[in-house]
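Student: Input structure: target27.pdb, which contains PDB, C-alpha atoms and all ligand atoms.
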```pdb
ATOM      1  CA  MET A   1       0.000   0.000   0.000
ATOM      2  CA  VAL A   2       1.270   3.423  -0.940
ATOM      3  CA  ASN A   3       1.617   6.134   1.662
ATOM      4  CA  GLU A   4       3.136   9.582   1.639
ATOM      5  CA  THR A   5       6.601   8.399   2.594
ATOM      6  CA  GLN A   6       6.698   5.262   0.473
ATOM      7  CA  LEU A   7       6.280   6.289  -3.140
ATOM      8  CA  ASN A   8       9.908   5.431  -3.847
ATOM      9  CA  GLU A   9      10.023   2.255  -5.947
ATOM     10  CA  LYS A  10       6.243   2.258  -6.399
ATOM     11  CA  VAL A  11       4.941   2.018  -9.965
ATOM     12  CA  VAL A  12       2.274   4.332 -11.362
ATOM     13  CA  LEU A  13       0.367   4.225 -14.646
ATOM     14  CA  VAL A  14      -1.482   7.327 -15.825
ATOM     15  CA  THR A  15      -3.511   6.854 -18.989
ATOM     16  CA  GLY A  16      -3.400   9.781 -21.420
ATOM     17  CA  SER A  17      -0.302  11.214 -19.746
ATOM     18  CA  ALA A  18       1.686  12.593 -22.688
ATOM     19  CA  ARG A  19       0.051  15.985 -22.355
ATOM     20  CA  ARG A  20      -2.189  18.280 -20.343
ATOM     21  CA  VAL A  21      -3.865  17.084 -17.115
ATOM     22  CA  GLY A  22      -2.594  13.498 -17.335
ATOM     23  CA  LYS A  23       0.969  14.756 -17.735
ATOM     24  CA  ALA A  24       0.657  16.974 -14.639
ATOM     25  CA  ILE A  25      -0.597  13.978 -12.631
ATOM     26  CA  LEU A  26       2.187  11.713 -13.886
ATOM     27  CA  LEU A  27       4.933  14.240 -13.100
ATOM     28  CA  LYS A  28       3.480  14.780  -9.612
ATOM     29  CA  PHE A  29       3.959  11.056  -8.889
ATOM     30  CA  ALA A  30       7.435  11.047 -10.459
ATOM     31  CA  GLU A  31       8.405  13.996  -8.290
ATOM     32  CA  ALA A  32       7.212  11.976  -5.275
ATOM     33  CA  GLY A  33       9.613   9.167  -6.242
ATOM     34  CA  ALA A  34       7.435   6.718  -8.188
ATOM     35  CA  HIS A  35       8.444   4.958 -11.398
ATOM     36  CA  VAL A  36       5.945   5.844 -14.104
ATOM     37  CA  ILE A  37       4.438   4.556 -17.322
ATOM     38  CA  VAL A  38       3.535   7.302 -19.796
ATOM     39  CA  HIS A  39       0.575   6.005 -21.761
ATOM     40  CA  HIS A  40      -0.586   7.804 -24.901
ATOM     41  CA  GLY A  41      -2.844   7.241 -27.877
ATOM     42  CA  ASN A  42      -1.216   9.284 -30.605
ATOM     43  CA  SER A  43       1.363  11.617 -29.086
ATOM     44  CA  ASP A  44       4.740   9.904 -29.590
ATOM     45  CA  SER A  45       7.031  12.915 -29.254
ATOM     46  CA  ALA A  46       5.035  14.533 -26.416
ATOM     47  CA  ALA A  47       5.086  11.205 -24.559
ATOM     48  CA  GLU A  48       8.884  10.924 -24.930
ATOM     49  CA  GLN A  49       9.254  14.495 -23.689
ATOM     50  CA  THR A  50       7.047  13.718 -20.653
ATOM     51  CA  ALA A  51       9.099  10.605 -19.891
ATOM     52  CA  GLN A  52      12.296  12.662 -20.022
ATOM     53  CA  GLU A  53      10.826  15.192 -17.609
ATOM     54  CA  ALA A  54       9.865  12.335 -15.272
ATOM     55  CA  ARG A  55      13.366  10.809 -15.423
ATOM     56  CA  ALA A  56      14.787  14.159 -14.318
ATOM     57  CA  PHE A  57      13.294  13.302 -10.889
ATOM     58  CA  GLY A  58      15.564  10.225 -10.774
ATOM     59  CA  VAL A  59      12.858   7.642 -11.473
ATOM     60  CA  GLN A  60      12.315   5.156 -14.298
ATOM     61  CA  ALA A  61       9.823   6.140 -16.977
ATOM     62  CA  THR A  62       8.635   4.024 -19.884
ATOM     63  CA  VAL A  63       6.362   5.036 -22.766
ATOM     64  CA  PHE A  64       3.577   2.855 -24.146
ATOM     65  CA  LYS A  65       1.182   3.657 -26.987
ATOM     66  CA  ALA A  66      -2.219   1.969 -26.817
ATOM     67  CA  ASP A  67      -5.590   2.751 -28.359
ATOM     68  CA  LEU A  68      -7.960   2.554 -25.402
ATOM     69  CA  ALA A  69     -10.823   1.619 -27.707
ATOM     70  CA  SER A  70      -9.009  -1.696 -28.248
ATOM     71  CA  PRO A  71      -9.183  -4.317 -25.462
ATOM     72  CA  ASP A  72      -6.162  -6.097 -27.004
ATOM     73  CA  ALA A  73      -4.084  -2.908 -26.870
ATOM     74  CA  ILE A  74      -5.033  -2.469 -23.196
ATOM     75  CA  SER A  75      -3.951  -6.037 -22.564
ATOM     76  CA  ASP A  76      -0.605  -5.310 -24.258
ATOM     77  CA  LEU A  77      -0.158  -2.222 -22.052
ATOM     78  CA  PHE A  78      -0.442  -4.357 -18.923
ATOM     79  CA  SER A  79       1.874  -7.030 -20.340
ATOM     80  CA  HIS A  80       4.414  -4.232 -20.809
ATOM     81  CA  ILE A  81       3.979  -3.163 -17.169
ATOM     82  CA  GLU A  82       4.311  -6.708 -15.895
ATOM     83  CA  GLU A  83       7.407  -7.393 -17.997
ATOM     84  CA  HIS A  84       9.099  -4.086 -17.239
ATOM     85  CA  PHE A  85       8.198  -3.486 -13.584
ATOM     86  CA  GLY A  86       6.474  -6.680 -12.344
ATOM     87  CA  ARG A  87       4.043  -4.668 -10.266
ATOM     88  CA  LEU A  88       1.610  -1.757 -10.267
ATOM     89  CA  ASP A  89       0.740   0.336  -7.225
ATOM     90  CA  VAL A  90      -1.337   3.194  -8.631
ATOM     91  CA  LEU A  91      -3.541   3.423 -11.716
ATOM     92  CA  VAL A  92      -4.924   6.786 -12.779
ATOM     93  CA  ASN A  93      -7.529   6.633 -15.548
ATOM     94  CA  SER A  94      -7.198  10.123 -17.014
ATOM     95  CA  ALA A  95      -7.568   9.607 -20.780
ATOM     96  CA  ALA A  96     -10.933  10.550 -22.233
ATOM     97  CA  THR A  97     -12.544  11.684 -25.425
ATOM     98  CA  PHE A  98     -15.485  13.976 -26.098
ATOM     99  CA  PHE A  99     -17.499  15.504 -28.908
ATOM    100  CA  ALA A 100     -19.743  18.549 -28.626
ATOM    101  CA  ARG A 101     -23.063  17.441 -30.098
ATOM    102  CA  SER A 102     -26.688  17.562 -29.031
ATOM    103  CA  LEU A 103     -28.470  14.338 -28.074
ATOM    104  CA  LEU A 104     -30.470  13.868 -31.280
ATOM    105  CA  GLU A 105     -27.415  14.400 -33.514
ATOM    106  CA  ILE A 106     -25.112  11.781 -31.997
ATOM    107  CA  PRO A 107     -24.274   8.977 -34.453
ATOM    108  CA  LEU A 108     -24.133   5.510 -32.899
ATOM    109  CA  GLU A 109     -20.416   5.057 -33.735
ATOM    110  CA  GLU A 110     -19.554   8.255 -31.874
ATOM    111  CA  TRP A 111     -21.642   7.211 -28.843
ATOM    112  CA  GLN A 112     -19.863   3.851 -28.819
ATOM    113  CA  LEU A 113     -16.395   5.400 -29.127
ATOM    114  CA  VAL A 114     -17.024   7.690 -26.157
ATOM    115  CA  MET A 115     -18.282   4.749 -24.073
ATOM    116  CA  ASP A 116     -15.331   2.569 -25.174
ATOM    117  CA  VAL A 117     -12.653   5.113 -24.245
ATOM    118  CA  ASN A 118     -14.258   6.779 -21.208
ATOM    119  CA  LEU A 119     -15.966   3.820 -19.540
ATOM    120  CA  THR A 120     -15.082   0.398 -20.971
ATOM    121  CA  ALA A 121     -11.342   1.162 -20.991
ATOM    122  CA  PRO A 122     -11.325   2.147 -17.277
ATOM    123  CA  PHE A 123     -13.313  -1.037 -16.545
ATOM    124  CA  LEU A 124     -10.673  -3.118 -18.341
ATOM    125  CA  THR A 125      -7.707  -1.256 -16.830
ATOM    126  CA  THR A 126      -9.297  -1.734 -13.387
ATOM    127  CA  GLN A 127      -9.497  -5.497 -13.951
ATOM    128  CA  HIS A 128      -5.897  -5.716 -15.199
ATOM    129  CA  ALA A 129      -4.563  -3.399 -12.486
ATOM    130  CA  ALA A 130      -6.401  -5.182  -9.674
ATOM    131  CA  ARG A 131      -4.930  -8.529 -10.721
ATOM    132  CA  LEU A 132      -1.419  -7.036 -10.579
ATOM    133  CA  MET A 133      -2.045  -5.146  -7.321
ATOM    134  CA  MET A 134      -3.430  -8.263  -5.618
ATOM    135  CA  LYS A 135      -0.026  -9.942  -6.074
ATOM    136  CA  HIS A 136       1.522  -7.323  -3.769
ATOM    137  CA  GLN A 137      -0.002  -5.419  -0.879
ATOM    138  CA  GLY A 138      -2.853  -3.721  -2.742
ATOM    139  CA  GLY A 139      -2.900  -0.311  -4.370
ATOM    140  CA  ALA A 140      -4.948   2.671  -5.419
ATOM    141  CA  ILE A 141      -7.053   3.388  -8.492
ATOM    142  CA  ILE A 142      -8.127   6.928  -9.319
ATOM    143  CA  ASN A 143     -10.666   7.682 -12.029
ATOM    144  CA  ILE A 144     -10.727  11.171 -13.469
ATOM    145  CA  THR A 145     -14.366  11.887 -14.091
ATOM    146  CA  ASP A 146     -15.973  15.280 -14.692
ATOM    147  CA  ASN A 147     -18.683  17.460 -13.227
ATOM    148  CA  GLY A 148     -20.533  16.422 -16.388
ATOM    149  CA  GLY A 149     -20.848  13.037 -14.671
ATOM    150  CA  ARG A 150     -22.456  14.588 -11.615
ATOM    151  CA  ARG A 151     -25.077  16.637 -13.452
ATOM    152  CA  PRO A 152     -26.415  16.476 -17.025
ATOM    153  CA  TRP A 153     -24.321  18.255 -19.619
ATOM    154  CA  LYS A 154     -26.544  19.289 -22.509
ATOM    155  CA  LYS A 155     -23.719  20.044 -24.962
ATOM    156  CA  ARG A 156     -21.923  16.709 -24.497
ATOM    157  CA  PRO A 157     -24.556  14.112 -23.555
ATOM    158  CA  HIS A 158     -22.450  11.028 -24.308
ATOM    159  CA  HIS A 159     -19.482  12.427 -22.387
ATOM    160  CA  SER A 160     -21.816  13.142 -19.460
ATOM    161  CA  VAL A 161     -23.270   9.610 -19.487
ATOM    162  CA  SER A 162     -19.810   7.993 -19.717
ATOM    163  CA  LYS A 163     -18.488  10.058 -16.796
ATOM    164  CA  ALA A 164     -21.570   9.248 -14.675
ATOM    165  CA  GLY A 165     -20.860   5.589 -15.431
ATOM    166  CA  LEU A 166     -17.245   6.106 -14.366
ATOM    167  CA  ILE A 167     -18.463   7.360 -10.981
ATOM    168  CA  MET A 168     -20.507   4.188 -10.481
ATOM    169  CA  LEU A 169     -17.583   2.065 -11.732
ATOM    170  CA  THR A 170     -15.542   3.748  -8.985
ATOM    171  CA  LYS A 171     -18.066   2.781  -6.317
ATOM    172  CA  VAL A 172     -18.655  -0.832  -7.412
ATOM    173  CA  SER A 173     -14.886  -1.320  -7.770
ATOM    174  CA  ALA A 174     -14.287   0.112  -4.291
ATOM    175  CA  LEU A 175     -16.778  -2.411  -2.912
ATOM    176  CA  ALA A 176     -15.294  -5.358  -4.786
ATOM    177  CA  LEU A 177     -11.610  -4.554  -4.288
ATOM    178  CA  GLY A 178     -11.577  -3.185  -0.735
ATOM    179  CA  PRO A 179     -10.937  -6.649   0.753
ATOM    180  CA  TYR A 180      -7.721  -6.800  -1.330
ATOM    181  CA  ASN A 181      -6.550  -3.459   0.090
ATOM    182  CA  ILE A 182      -7.198  -1.762  -3.243
ATOM    183  CA  ARG A 183      -8.855   1.624  -2.851
ATOM    184  CA  VAL A 184     -10.786   3.170  -5.725
ATOM    185  CA  ASN A 185     -11.697   6.859  -5.834
ATOM    186  CA  ALA A 186     -12.624   9.472  -8.398
ATOM    187  CA  ILE A 187     -11.805  13.107  -8.998
ATOM    188  CA  ALA A 188     -14.383  15.354 -10.647
ATOM    189  CA  PRO A 189     -12.519  18.356 -12.035
ATOM    190  CA  GLY A 190     -14.306  21.529 -12.979
ATOM    191  CA  PRO A 191     -12.773  23.721 -15.697
ATOM    192  CA  VAL A 192      -8.996  23.384 -15.344
ATOM    193  CA  LEU A 193      -7.565  23.576 -18.868
ATOM    194  CA  PRO A 194      -9.350  24.704 -22.047
ATOM    195  CA  PRO A 195      -9.240  22.252 -24.977
ATOM    196  CA  PRO A 196      -6.576  23.041 -27.591
ATOM    197  CA  ASP A 197      -9.071  24.893 -29.806
ATOM    198  CA  GLN A 198      -9.985  27.308 -26.989
ATOM    199  CA  THR A 199      -8.100  29.832 -24.871
ATOM    200  CA  GLU A 200      -8.416  30.921 -21.254
ATOM    201  CA  GLU A 201     -10.173  34.027 -22.598
ATOM    202  CA  ASP A 202     -12.810  31.781 -24.173
ATOM    203  CA  TRP A 203     -13.363  30.438 -20.654
ATOM    204  CA  ALA A 204     -13.569  33.884 -19.067
ATOM    205  CA  PHE A 205     -17.251  33.371 -18.294
ATOM    206  CA  TYR A 206     -16.244  30.737 -15.717
ATOM    207  CA  LYS A 207     -14.559  33.454 -13.683
ATOM    208  CA  GLU A 208     -17.985  34.971 -13.119
ATOM    209  CA  LYS A 209     -19.813  31.673 -12.794
ATOM    210  CA  LEU A 210     -17.550  29.808 -10.370
ATOM    211  CA  PRO A 211     -17.699  30.613  -6.656
ATOM    212  CA  LEU A 212     -13.874  30.852  -6.559
ATOM    213  CA  LYS A 213     -13.901  33.252  -9.567
ATOM    214  CA  ARG A 214     -11.099  31.497 -11.459
ATOM    215  CA  ILE A 215     -10.525  28.393 -13.514
ATOM    216  CA  GLY A 216      -8.311  25.736 -11.964
ATOM    217  CA  ASN A 217      -5.031  24.339 -13.237
ATOM    218  CA  PRO A 218      -3.729  20.822 -13.873
ATOM    219  CA  ASP A 219      -1.647  20.926 -10.693
ATOM    220  CA  ASP A 220      -4.842  21.282  -8.615
ATOM    221  CA  VAL A 221      -5.967  17.921 -10.024
ATOM    222  CA  ALA A 222      -2.490  16.367  -9.714
ATOM    223  CA  ARG A 223      -2.262  17.224  -6.004
ATOM    224  CA  ALA A 224      -5.695  15.698  -5.406
ATOM    225  CA  ALA A 225      -4.587  12.510  -7.188
ATOM    226  CA  LEU A 226      -1.484  12.230  -4.991
ATOM    227  CA  PHE A 227      -3.650  12.764  -1.905
ATOM    228  CA  LEU A 228      -6.100  10.027  -2.904
ATOM    229  CA  ALA A 229      -3.244   7.652  -3.738
ATOM    230  CA  THR A 230      -1.589   8.117  -0.367
ATOM    231  CA  ASN A 231      -4.470   8.410   2.120
ATOM    232  CA  THR A 232      -5.127   4.822   3.156
ATOM    233  CA  PHE A 233      -8.684   5.119   4.541
ATOM    234  CA  ILE A 234     -10.591   6.743   1.668
ATOM    235  CA  THR A 235     -12.396   4.589  -0.871
ATOM    236  CA  GLY A 236     -15.456   4.918  -3.093
ATOM    237  CA  GLU A 237     -15.338   8.729  -2.932
ATOM    238  CA  VAL A 238     -15.733  11.367  -5.627
ATOM    239  CA  LEU A 239     -13.612  14.408  -4.851
ATOM    240  CA  GLY A 240     -14.663  17.578  -6.642
ATOM    241  CA  VAL A 241     -11.704  19.726  -7.702
ATOM    242  CA  ASP A 242     -13.845  22.305  -9.361
ATOM    243  CA  GLY A 243     -13.717  25.707  -7.716
ATOM    244  CA  GLY A 244     -17.248  25.050  -6.495
ATOM    245  CA  SER A 245     -18.655  24.763 -10.006
ATOM    246  CA  ILE A 246     -20.982  21.897  -8.989
ATOM    247  CA  LEU A 247     -22.748  24.403  -6.738
ATOM    248  CA  THR A 248     -23.692  26.649  -9.644
ATOM    249  CA  VAL A 249     -26.438  26.215 -12.223
ATOM    250  CA  GLY A 250     -25.609  23.485 -14.781
ATOM    251  CA  GLU A 251     -25.370  23.912 -18.537
TER     252      GLU A 251
HETATM  253  N1  LIG A 301      -9.393  19.870 -19.022
HETATM  254  C1  LIG A 301     -10.384  20.148 -18.181
HETATM  255  O1  LIG A 301     -10.686  21.295 -17.867
HETATM  256  C2  LIG A 301     -11.187  19.000 -17.592
HETATM  257  C3  LIG A 301     -12.357  19.310 -16.883
HETATM  258  C4  LIG A 301     -13.078  18.277 -16.332
HETATM  259  C5  LIG A 301     -12.649  16.961 -16.463
HETATM  260  N2  LIG A 301     -11.527  16.700 -17.165
HETATM  261  C6  LIG A 301     -11.103  15.288 -17.303
HETATM  262  O2  LIG A 301      -9.733  15.180 -16.948
HETATM  263  C7  LIG A 301      -9.075  14.222 -17.776
HETATM  264  C8  LIG A 301      -7.876  14.855 -18.461
HETATM  265  O3  LIG A 301      -8.313  16.045 -19.115
HETATM  266  P1  LIG A 301      -7.544  16.647 -20.371
HETATM  267  O4  LIG A 301      -8.227  17.927 -20.702
HETATM  268  O5  LIG A 301      -6.081  16.606 -20.151
HETATM  269  O6  LIG A 301      -7.962  15.536 -21.458
HETATM  270  P2  LIG A 301      -7.734  15.507 -23.047
HETATM  271  O7  LIG A 301      -6.589  16.373 -23.401
HETATM  272  O8  LIG A 301      -9.030  15.777 -23.711
HETATM  273  O9  LIG A 301      -7.429  13.965 -23.281
HETATM  274  C9  LIG A 301      -6.482  13.284 -22.503
HETATM  275  C10 LIG A 301      -5.814  12.230 -23.321
HETATM  276  O10 LIG A 301      -6.708  11.152 -23.620
HETATM  277  C11 LIG A 301      -6.060  10.421 -24.610
HETATM  278  N3  LIG A 301      -6.986   9.640 -25.440
HETATM  279  C12 LIG A 301      -8.159  10.029 -25.997
HETATM  280  N4  LIG A 301      -8.674   9.024 -26.745
HETATM  281  C13 LIG A 301      -7.792   7.983 -26.649
HETATM  282  C14 LIG A 301      -7.753   6.670 -27.202
HETATM  283  N5  LIG A 301      -8.702   6.188 -28.008
HETATM  284  N6  LIG A 301      -6.681   5.885 -26.899
HETATM  285  C15 LIG A 301      -5.693   6.343 -26.096
HETATM  286  N7  LIG A 301      -5.691   7.564 -25.546
HETATM  287  C16 LIG A 301      -6.725   8.374 -25.829
HETATM  288  C17 LIG A 301      -5.329  11.421 -25.494
HETATM  289  O11 LIG A 301      -4.043  10.897 -25.735
HETATM  290  P3  LIG A 301      -3.200  11.264 -27.079
HETATM  291  O12 LIG A 301      -3.032  12.750 -27.045
HETATM  292  O13 LIG A 301      -1.937  10.562 -26.953
HETATM  293  O14 LIG A 301      -4.032  10.791 -28.227
HETATM  294  C18 LIG A 301      -5.310  12.691 -24.657
HETATM  295  O15 LIG A 301      -4.029  13.253 -24.534
HETATM  296  C19 LIG A 301     -10.148  13.694 -18.743
HETATM  297  O16 LIG A 301     -10.689  12.509 -18.228
HETATM  298  C20 LIG A 301     -11.191  14.802 -18.743
HETATM  299  O17 LIG A 301     -12.497  14.329 -19.049
HETATM  300  C21 LIG A 301     -10.784  17.684 -17.731
END
```
Taking this structure as input, can you express it in the form of structure tokens?

Tutor:
Amino acid sequence: MVNETQLNEKVVLVTGSARRVGKAILLKFAEAGAHVIVHHGNSDSAAEQTAQEARAFGVQATVFKADLASPDAISDLFSHIEEHFGRLDVLVNSAATFFARSLLEIPLEEWQLVMDVNLTAPFLTTQHAARLMMKHQGGAIINITDNGGRRPWKKRPHHSVSKAGLIMLTKVSALALGPYNIRVNAIAPGPVLPPPDQTEEDWAFYKEKLPLKRIGNPDDVARAALFLATNTFITGEVLGVDGGSILTVGE
């Protein structure tokens, strides 16, 4: 079991960690002394760069590319972890995909892709990770959900449904895996980093809307992930890291 003083020699996988929020989470664990696996879907050079930044903390970092819509690719990712490290102590499911589309315009293939990446992949990684963690003293799984999973999000219905499912996956996994000393929690970020096609100015309206009057940053989420990985008596929880956005009127 991981605690605040024992991250050295622990092994951490963060899905979708070549860039953005996943990268911030991965580097937070590397800074705390954990060996890390940089998973990515299509970001070879960014993933290598992230691994280099992790190694600067004196830890091992490997890079693995896997399409999370493919169960076989997920299986290969865990074979890589087993071969390279022989153990896994923390899994962070951060990768996700979304499309802005109203309910009646969503094509079935797009619905299925969102469910595959945002919900089925975390289900499969949880199964693989739990089997590895059970061989040692347990571990921690952290699912990055979204406030869109806690209240309906009109502009991204499939994203909202997948993230609500991820919250329930967190709770059923916490129930099932608690006896193996595997804790499972979720983080529900509010607005922390605009998508690449938007700027912070595009998100200026959040400054008015959010109780804290600012958007967050990836490090806010990364620190919450480290906390949930190291506190040994929290399981089945959803921690909002959202500047109070859940308290305001939904979209
Ligand atoms: N950013 C925010 O303000 C915010 C707010 C609330 C919740 N969140 C949640 O926080 C997490 C991280 O947010 P983010 O903004 O950093 O996410 P992001 O940039 O939208 O996506 C994270 C990563 O997911 C990976 N990914 C997507 N589809 C994949 C696939 N089929 N196979 C493998 N990897 C795939 C991508 O990897 P590649 O680049 O390598 O393809 C991408 O870098 C997500 O779960 C998101 O829903 C974020």

Student: Using Å and a single decimal, report how far atom CA of Leu228 of chain A sits from atom CA of Ala61 of chain A.

Tutor: 21.6 Å

Student: Can you pull out every residue with an atom within 6 Å of ligand LIG 301 (chain A)? Use only C-alpha atoms and all ligand atoms and format it as a ChimeraX atom specification.

Tutor: /A:16,18-22,40-43,66-69,94-97,117,144-146,189-194

Student: Write a file of the selected residues as a PDB file, keeping the file's coordinate frame, keeping C-alpha atoms.

Tutor:
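The resulting file, result20.pdb, is shown below:
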```pdb
ATOM      1  CA  GLY A  16      -3.400   9.781 -21.420  1.00  0.00           C
ATOM      2  CA  ALA A  18       1.686  12.593 -22.688  1.00  0.00           C
ATOM      3  CA  ARG A  19       0.051  15.985 -22.355  1.00  0.00           C
ATOM      4  CA  ARG A  20      -2.189  18.280 -20.343  1.00  0.00           C
ATOM      5  CA  VAL A  21      -3.865  17.084 -17.115  1.00  0.00           C
ATOM      6  CA  GLY A  22      -2.594  13.498 -17.335  1.00  0.00           C
ATOM      7  CA  HIS A  40      -0.586   7.804 -24.901  1.00  0.00           C
ATOM      8  CA  GLY A  41      -2.844   7.241 -27.877  1.00  0.00           C
ATOM      9  CA  ASN A  42      -1.216   9.284 -30.605  1.00  0.00           C
ATOM     10  CA  SER A  43       1.363  11.617 -29.086  1.00  0.00           C
ATOM     11  CA  ALA A  66      -2.219   1.969 -26.817  1.00  0.00           C
ATOM     12  CA  ASP A  67      -5.590   2.751 -28.359  1.00  0.00           C
ATOM     13  CA  LEU A  68      -7.960   2.554 -25.402  1.00  0.00           C
ATOM     14  CA  ALA A  69     -10.823   1.619 -27.707  1.00  0.00           C
ATOM     15  CA  SER A  94      -7.198  10.123 -17.014  1.00  0.00           C
ATOM     16  CA  ALA A  95      -7.568   9.607 -20.780  1.00  0.00           C
ATOM     17  CA  ALA A  96     -10.933  10.550 -22.233  1.00  0.00           C
ATOM     18  CA  THR A  97     -12.544  11.684 -25.425  1.00  0.00           C
ATOM     19  CA  VAL A 117     -12.653   5.113 -24.245  1.00  0.00           C
ATOM     20  CA  ILE A 144     -10.727  11.171 -13.469  1.00  0.00           C
ATOM     21  CA  THR A 145     -14.366  11.887 -14.091  1.00  0.00           C
ATOM     22  CA  ASP A 146     -15.973  15.280 -14.692  1.00  0.00           C
ATOM     23  CA  PRO A 189     -12.519  18.356 -12.035  1.00  0.00           C
ATOM     24  CA  GLY A 190     -14.306  21.529 -12.979  1.00  0.00           C
ATOM     25  CA  PRO A 191     -12.773  23.721 -15.697  1.00  0.00           C
ATOM     26  CA  VAL A 192      -8.996  23.384 -15.344  1.00  0.00           C
ATOM     27  CA  LEU A 193      -7.565  23.576 -18.868  1.00  0.00           C
ATOM     28  CA  PRO A 194      -9.350  24.704 -22.047  1.00  0.00           C
TER      29      PRO A 194
END
```

Student: Here is a test: counting only C-alpha atoms, which residue of A:Gln52, A:Thr15, A:Asn8, A:Gln127 is nearest to Ala34 of chain A?

Tutor: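 Under the stated criterion, the closest residue is A:Asn8.
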
Student: Ala174 of chain A: which residues within 8 Å, counting only C-alpha atoms, same-chain residues fewer than 2 positions away excluded, as an mmCIF file with C-alpha atoms, keeping the file's coordinate frame?

Tutor:
```cif
data_model
loop_
_atom_site.group_PDB
_atom_site.id
_atom_site.type_symbol
_atom_site.label_atom_id
_atom_site.label_comp_id
_atom_site.auth_asym_id
_atom_site.auth_seq_id
_atom_site.Cartn_x
_atom_site.Cartn_y
_atom_site.Cartn_z
ATOM 1 C CA THR A 170 -15.542 3.748 -8.985
ATOM 2 C CA LYS A 171 -18.066 2.781 -6.317
ATOM 3 C CA VAL A 172 -18.655 -0.832 -7.412
ATOM 4 C CA ALA A 176 -15.294 -5.358 -4.786
ATOM 5 C CA LEU A 177 -11.610 -4.554 -4.288
ATOM 6 C CA GLY A 178 -11.577 -3.185 -0.735
ATOM 7 C CA ILE A 182 -7.198 -1.762 -3.243
ATOM 8 C CA ARG A 183 -8.855 1.624 -2.851
ATOM 9 C CA VAL A 184 -10.786 3.170 -5.725
ATOM 10 C CA ASN A 185 -11.697 6.859 -5.834
ATOM 11 C CA THR A 235 -12.396 4.589 -0.871
ATOM 12 C CA GLY A 236 -15.456 4.918 -3.093
#
```

Student: Contacts of Asn93 of chain A at 10 Å or less, counting only C-alpha atoms, minus same-chain residues fewer than 3 places along, as a ChimeraX atom specification?

Tutor: /A:13-17,22,90,96,118-119,121-123,125-126,141-145,166,186

Student: Can you report as lines of an AutoDock Vina configuration file the centre and edge lengths in Å, to one decimal, of an axis-aligned box around the listed atoms of segment 212-226 of chain A padded with 8 Å on each side?

Tutor:
```
center_x = -7.7
center_y = 22.7
center_z = -9.4
size_x = 28.4
size_y = 37.0
size_z = 24.9
```

Student: How many Å lie between atom CA of Glu31 of chain A and atom CA of Asp219 of chain A, rounded to one decimal?

Tutor: 12.4 Å

Student: With only C-alpha atoms as the basis for distance, which of A:Gly148, A:Pro211, A:Pro107, A:Pro71 is at the shortest distance from Ala164 of chain A?

Tutor: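 Nearest to Ala164 of chain A: A:Gly148.
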
Student: Calculate how many Å separate atom CA of His35 of chain A from atom CA of Asp72 of chain A, rounding to one decimal.

Tutor: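 That distance, rounded to one decimal, is 24.1 Å.
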
Student: Taking the file as shown, find all residues satisfying the PyMOL selection byres (((chain A and resi 88) around 9) and not hetatm) and write them as a PDB file with C-alpha atoms, in the frame of the given file.

Tutor:
```pdb
ATOM      1  CA  LYS A  10       6.243   2.258  -6.399  1.00  0.00           C
ATOM      2  CA  VAL A  11       4.941   2.018  -9.965  1.00  0.00           C
ATOM      3  CA  VAL A  12       2.274   4.332 -11.362  1.00  0.00           C
ATOM      4  CA  LEU A  13       0.367   4.225 -14.646  1.00  0.00           C
ATOM      5  CA  ILE A  81       3.979  -3.163 -17.169  1.00  0.00           C
ATOM      6  CA  GLU A  82       4.311  -6.708 -15.895  1.00  0.00           C
ATOM      7  CA  PHE A  85       8.198  -3.486 -13.584  1.00  0.00           C
ATOM      8  CA  GLY A  86       6.474  -6.680 -12.344  1.00  0.00           C
ATOM      9  CA  ARG A  87       4.043  -4.668 -10.266  1.00  0.00           C
ATOM     10  CA  ASP A  89       0.740   0.336  -7.225  1.00  0.00           C
ATOM     11  CA  VAL A  90      -1.337   3.194  -8.631  1.00  0.00           C
ATOM     12  CA  LEU A  91      -3.541   3.423 -11.716  1.00  0.00           C
ATOM     13  CA  ALA A 129      -4.563  -3.399 -12.486  1.00  0.00           C
ATOM     14  CA  ALA A 130      -6.401  -5.182  -9.674  1.00  0.00           C
ATOM     15  CA  LEU A 132      -1.419  -7.036 -10.579  1.00  0.00           C
ATOM     16  CA  MET A 133      -2.045  -5.146  -7.321  1.00  0.00           C
ATOM     17  CA  HIS A 136       1.522  -7.323  -3.769  1.00  0.00           C
ATOM     18  CA  GLY A 138      -2.853  -3.721  -2.742  1.00  0.00           C
ATOM     19  CA  GLY A 139      -2.900  -0.311  -4.370  1.00  0.00           C
TER      20      GLY A 139
END
```

Student: Kindly resolve the PyMOL selection byres (((chain A and resi 33) around 10) and not hetatm) on the present coordinates and return the residues as a PyMOL selection string.

Tutor: chain A and resi 5-11+27-32+34-36+54+57-60

Student: As a check of understanding, name the residues that the PyMOL selection byres (((chain A and resi 245) around 12) and not hetatm) selects in the supplied structure, as an MDAnalysis selection string.

Tutor: chainID A and resid 146:148 150:151 188:192 206:216 240:244 246:251

Student: Would you please work out which residue, of A:Val221, A:Ala229, A:Ala51, A:Ile187, is nearest to Ile167 of chain A when using only C-alpha atoms?

Tutor: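 Smallest distance to Ile167 of chain A is found for A:Ile187.
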
Student: With all atoms listed in the file as the basis for distance, which of A:Leu104, A:Phe64, A:Asp220, A:Gly149 is at the shortest distance from Met168 of chain A?

Tutor: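 Ranked by minimum distance to Met168 of chain A, first place goes to A:Gly149.
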
Student: Out of A:Arg223, A:Arg131, A:His80, A:Arg101, which residue has the shortest atom-to-atom distance to Lys155 of chain A when counting all atoms listed in the file?

Tutor: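 Closest residue, counting all atoms listed in the file: A:Arg101.
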
Student: A:Pro157, A:Leu175, A:Leu169, A:His128: which is nearest Ile74 of chain A, counting all atoms listed in the file?

Tutor: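 Residue with the minimum atom-to-atom distance to Ile74 of chain A: A:His128.
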